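Undergrad: Shown below is the structure under consideration.
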Amino acid sequence: MEATHKRITVVGAGMAGSEAALAAARLGVAVDLIEMRPTKLTPAHKTGAFAELVCSNSFGGEGESNAKGLLQAEMLEAGGIVMGSAHANRVPAGAALAVDREPFSRSVTAAVRAHPLITVHERELTKVPDGIVVLATGPLTGDALAADIKGLLGDEFLGFYDAAAPVVAYDSIDMAVAYRKGRYGQAADYINLPFTEEEYGAFYAALEAARSHTPHDWEKLEFFEGCMPVEEIGRRGRDTLRFGPMKPVGLEHPETGKRPYAAVQLRQEDAEGRMWSLVGFQTGLKWGDQKAIVQLIPGLQAAEIVRYGVMHRNTYLNAPRLLAPTLGMRDHPRLFVAGVLAGTEGYLESSATGWLAGSNAARRALGLPGVVPPVETMLGGLVRYLATANPQGFQPMNANWGLVPDVDKVKGQGKRERREVMYRRGLAAFEAWLPEVGGAAEPAGAGQVLVPA
Ligand SMILES: Cc1cc2nc3c(=O)[nH]c(=O)nc-3n(C[C@H](O)[C@H](O)[C@H](O)COP(=O)(O)OP(=O)(O)OC[C@H]3O[C@@H](n4cnc5c(N)ncnc54)[C@H](O)[C@@H]3O)c2cc1C
C-alpha cells in the first residue's frame with residue numbers, strides 16, 4: 001500500500017518529531033521515523049518512549065490571558081497529539097497544564113506507532129538523509145549527526161550552548177528613566193538604563209546574594225570569556241561588571257551630559273521592537289532571583305521578563321539565517337527543522353513547530369506550497385520570529401505576547417483584558433486558517449488519544 005504514497009523522513013521522536021510524523025501521515029504521506037532511543041539514550045532521556053519529558057512535567061500556564069495558553073489552544077484545534085495526550089493525562093497543577101509523564105509519553109508513542117503510514121526505525125542517524133526530511137533531534141542531537149549538519153551549513157550556524165540573557169517587554173520599560181543612545185554617539189539603537197553609585201551598590205549586593213542555578217549533573221558548564229554569566233563576572237570583584245557589560249563610557253545622558261556610574265544596555269530582539277534583551281547579561285540564576293535582580297536595574301523596576309536567561313547545553317540552528325517561516329530551510333528547501341533544533345524553547349513550542357514542519361514537509365512531498373499561520377496566532381508569531389529575529393547572538397525563543405501584534409488600548413481595560421482580546425483574536429485566526437493545511441480530518445483533541453493497555 002505504502003508504495004503508492006509519497007514519503008518523507010522524520011529524524012527524532014521527541015516532542016517535535018512525534019508531532020511532525022503524525023501531521024505528515026494525516027496528510028496521507030508515508031513517514032520513516034528514525035529514533036535512536038532506547039538503543040542509544042541522550043544524557044537527559046531515560047526511556048525509549050516517544051515525547052519523553054526530560055525535566056518538568058508542565059506545559060506552562062493555561063487560560064485566556066496566557067501566551068502559552070493560546071498556543072495550547074491552537075494545537076488542540078490542530079488535533080496535535082502532544083496537547084491531546086497532555087489533556088488526557090493531566091494532573092492538578094493550579095493554572096498550569098501538567099501531566100502524569102509516563103502515561104503521557106505512552107499515549108504519544110502508541111498513537112504514533114499505531115498509524116499505518118508511519119514506520120519506526122530504532123537507530124542513530126549519523127548523516128542527514130536524502131529526500132524530504134524533518135530534522136527534530138532536539139537539544140541533545142547525537143554528535144555525529146550534529147557534525148554532519150555543521151558540515152552542510154557551516155560552523156557558525158549551529159550553536160551548542162545556550163548562554164541567554166533575559167528579554168523584557170518594551171511596554172514594561174520605564175522610558176522616563178531609560179534613554180536611547182548608541183555608545184560614543186553611534187546610532188541610537190540601544191536603550192540605556194543608568195545607575196547611580198547607590199543603585200549599583202544595591203544591585204551588586206543582590207547579585208552576590210543570589211544563588212546560582214544548580215546545573216544538572218549531566219552537564220559541565222564551561223564558560224567562554226565571551227559568554228560568561230553576569231554572576232560569574234560579578235564574583236571577580238565589585239567593579240568588574242562596571243568595566244565589562246555594565247560599562248558607562250560613551251553613554252552620557254543626552255539631556256544632562258552626565259555619565260552614569262554604570263549602565264545596562266538593551267538591544268532590540270524582534271523586528272517590531274516589542275522585545276528587548278539585556279546586552280551581555282547571560283545568566284543561569286534561578287528565575288526568582290533573576291527577576292528580583294532585573295527589577296533592581298533602573299528603568300526595569302516593573303519589567304515583564306518574556307524570556308529568562310539560561311546557561312545550558314543545547315543544540316540549535318541560527319534560525320534567522322537559515323529558516324523560512326514554513327520551517328523549511330531557505331537554501332535547502334527539502335529540509336525542514338522543528339523543535340529546539342529550530343530555535344524554539346519548551347515542550348509546547350517544540351510540538352507546535354513539529355506539527356507545522358511535518359505538515360509542510362508532507363505538503364512539499366505532495367507538490368503543494370508551504371503554509372504559515374496568520375500573524376495574530378501564537379504559532380504564526382513564533383515562526384515569523386524564528387525567520388526574522390536578529391541573527392547576531394540568536395537564542396531560542398518560547399511563546400510570549402511579544403510575538404504577536406498588540407491590540408489598541410481601550411480606556412479602562414487592563415493588561416489582562418487586552419491579552420484576552422489577543423487570545424480570542426489569535427484563536428479565531430487560527431481556526432479560520434487551519435483548513436489551508438488540508439488533509440483528511442482526524443478527530444482533534446483528547447478523544448483521539450490512544451492509551452495502551
Ligand atoms: C536537561 C534538559 C531539561 C529540560 N527541561 C525542560 C523543561 O522542564 N520544560 C520544557 O518545556 N523544556 C525543557 N527542556 C527543553 C526540552 O528539551 C524541549 O522543550 C523539548 O524536549 C524539545 O523537543 P524536541 O523535539 O526538540 O527534542 P527532544 O524532545 O529531545 O527530542 C529529540 C529526539 O531526537 C532523538 N535523537 C537525537 N539525535 C538523534 C540521532 N542522531 N538519530 C536519531 N534520533 C536522535 C532523541 O533521542 C530524542 O528522542 C529541557 C532540555 C534539557 C536538555
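Chain labels run A, B, ... following the order of the C-alpha cells; each chain numbers its residues from 1, and ligands are numbered from 1 in the order shown.
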Could you make a table, as CSV, of the residues of chain A that have an atom within 7 Å of an atom of ligand 1, each with its nearest atom pair and distance in Å to one decimal, counting only C-alpha atoms and all ligand atoms, in chain and number order?
TA:
```
residue,atom,partner,partner_atom_place_in_ligand_line,distance
A:Val11,CA,ligand 1,43 (C),5.7
A:Gly12,CA,ligand 1,34 (O),3.3
A:Ala13,CA,ligand 1,49 (O),4.7
A:Gly14,CA,ligand 1,31 (O),3.2
A:Met15,CA,ligand 1,25 (O),3.8
A:Ala16,CA,ligand 1,25 (O),3.7
A:Gly17,CA,ligand 1,25 (O),5.6
A:Ile34,CA,ligand 1,43 (C),5.4
A:Glu35,CA,ligand 1,44 (N),3.8
A:Met36,CA,ligand 1,43 (C),4.1
A:Arg37,CA,ligand 1,47 (O),5.1
A:Leu41,CA,ligand 1,47 (O),6.1
A:Thr42,CA,ligand 1,47 (O),5.9
A:Ala44,CA,ligand 1,1 (C),5.3
A:Phe50,CA,ligand 1,49 (O),6.3
A:Ala51,CA,ligand 1,29 (O),5.6
A:Glu52,CA,ligand 1,29 (O),6.4
A:Leu53,CA,ligand 1,21 (O),6.2
A:Val54,CA,ligand 1,3 (C),5.3
A:Cys55,CA,ligand 1,8 (O),4.1
A:Ser56,CA,ligand 1,8 (O),3.7
A:Asn57,CA,ligand 1,8 (O),6.7
A:Ser58,CA,ligand 1,9 (N),6.6
A:Phe59,CA,ligand 1,11 (O),6.2
A:Arg123,CA,ligand 1,43 (C),6.0
A:Glu124,CA,ligand 1,42 (N),3.7
A:Leu125,CA,ligand 1,42 (N),3.9
A:Thr126,CA,ligand 1,41 (N),5.4
A:Ala136,CA,ligand 1,25 (O),5.4
A:Thr137,CA,ligand 1,34 (O),3.4
A:Gly138,CA,ligand 1,27 (O),3.2
A:Pro139,CA,ligand 1,53 (C),5.5
A:Leu140,CA,ligand 1,37 (C),5.9
A:Thr141,CA,ligand 1,38 (N),3.7
A:Gly142,CA,ligand 1,38 (N),4.0
A:Ala144,CA,ligand 1,41 (N),6.8
A:Leu145,CA,ligand 1,41 (N),5.0
A:His216,CA,ligand 1,1 (C),6.7
A:Arg313,CA,ligand 1,53 (C),6.8
A:Asn314,CA,ligand 1,53 (C),6.5
A:Ala338,CA,ligand 1,26 (O),6.4
A:Gly339,CA,ligand 1,26 (O),3.4
A:Val340,CA,ligand 1,26 (O),3.9
A:Leu341,CA,ligand 1,26 (O),5.8
A:Glu345,CA,ligand 1,19 (O),5.4
A:Gly346,CA,ligand 1,19 (O),3.1
A:Tyr347,CA,ligand 1,19 (O),3.5
A:Leu348,CA,ligand 1,11 (O),6.5
A:Ser350,CA,ligand 1,23 (O),4.9
A:Ser351,CA,ligand 1,25 (O),6.6
```
Undergrad: Region 19-104 of chain A: which residues are alpha helix (DSSP H) by DSSP, as a PyMOL selection string?
TA: chain A and resi 19-26+67-77+81-88+101-104
Undergrad: How close does each residue of region 114-226 of chain A get to region 363-375 of chain A, giving the shortest atom pair and distance in Å to one decimal for every residue with an atom at most 12 Å away, counting only C-alpha atoms, sorted by chain and residue number, as a Markdown table?
TA:
```
| residue | atom | partner | partner_atom | distance |
| --- | --- | --- | --- | --- |
| A:Gly131 | CA | A:Ala365 | CA | 9.2 |
| A:Ile132 | CA | A:Ala365 | CA | 7.0 |
| A:Val133 | CA | A:Ala365 | CA | 10.0 |
| A:Val134 | CA | A:Arg364 | CA | 11.5 |
```
Undergrad: With N, CA and C atoms retained, export the selected residues as a compact mmCIF listing (two decimals), in the first residue's frame.
TA:
```
# COMPACT_ATOMS: atom_id res chain seq x y z
N GLY A 131 16.18 13.05 0.28
CA GLY A 131 14.74 13.21 0.20
C GLY A 131 14.23 14.33 1.09
N ILE A 132 12.93 14.34 1.32
CA ILE A 132 12.32 15.38 2.16
C ILE A 132 12.43 14.93 3.61
N VAL A 133 13.02 15.80 4.43
CA VAL A 133 13.39 15.39 5.78
C VAL A 133 12.94 16.45 6.79
N VAL A 134 12.41 16.00 7.93
CA VAL A 134 12.21 16.90 9.08
C VAL A 134 13.27 16.53 10.11
```
Undergrad: Considering only C-alpha atoms, can you say which of A:Gly28, A:Phe195, A:Phe160, A:Arg90 comes closest to Ser359 (chain A)?
TA: A:Gly28
Undergrad: Take CA of Asn318 (chain A) and CA of Ala389 (chain A) and report the distance between them in Å, one decimal.
TA: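 Between CA of Asn318 (chain A) and CA of Ala389 (chain A) the gap works out to 9.7 Å.
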Undergrad: So which bits of region 105-279 of chain A end up strand (DSSP E) when you DSSP the backbone, as a ChimeraX atom specification?
TA: /A:118-122,133-135,158-164,167-169,179-180,191-195,262-268,275-278
Undergrad: Given only C-alpha atoms as the basis, pick out the residue of A:Asp148, A:Asp155, A:Glu252, A:Glu376 nearest to Pro194 (chain A).
TA: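 Closest to Pro194 (chain A), using only C-alpha atoms: A:Glu252.
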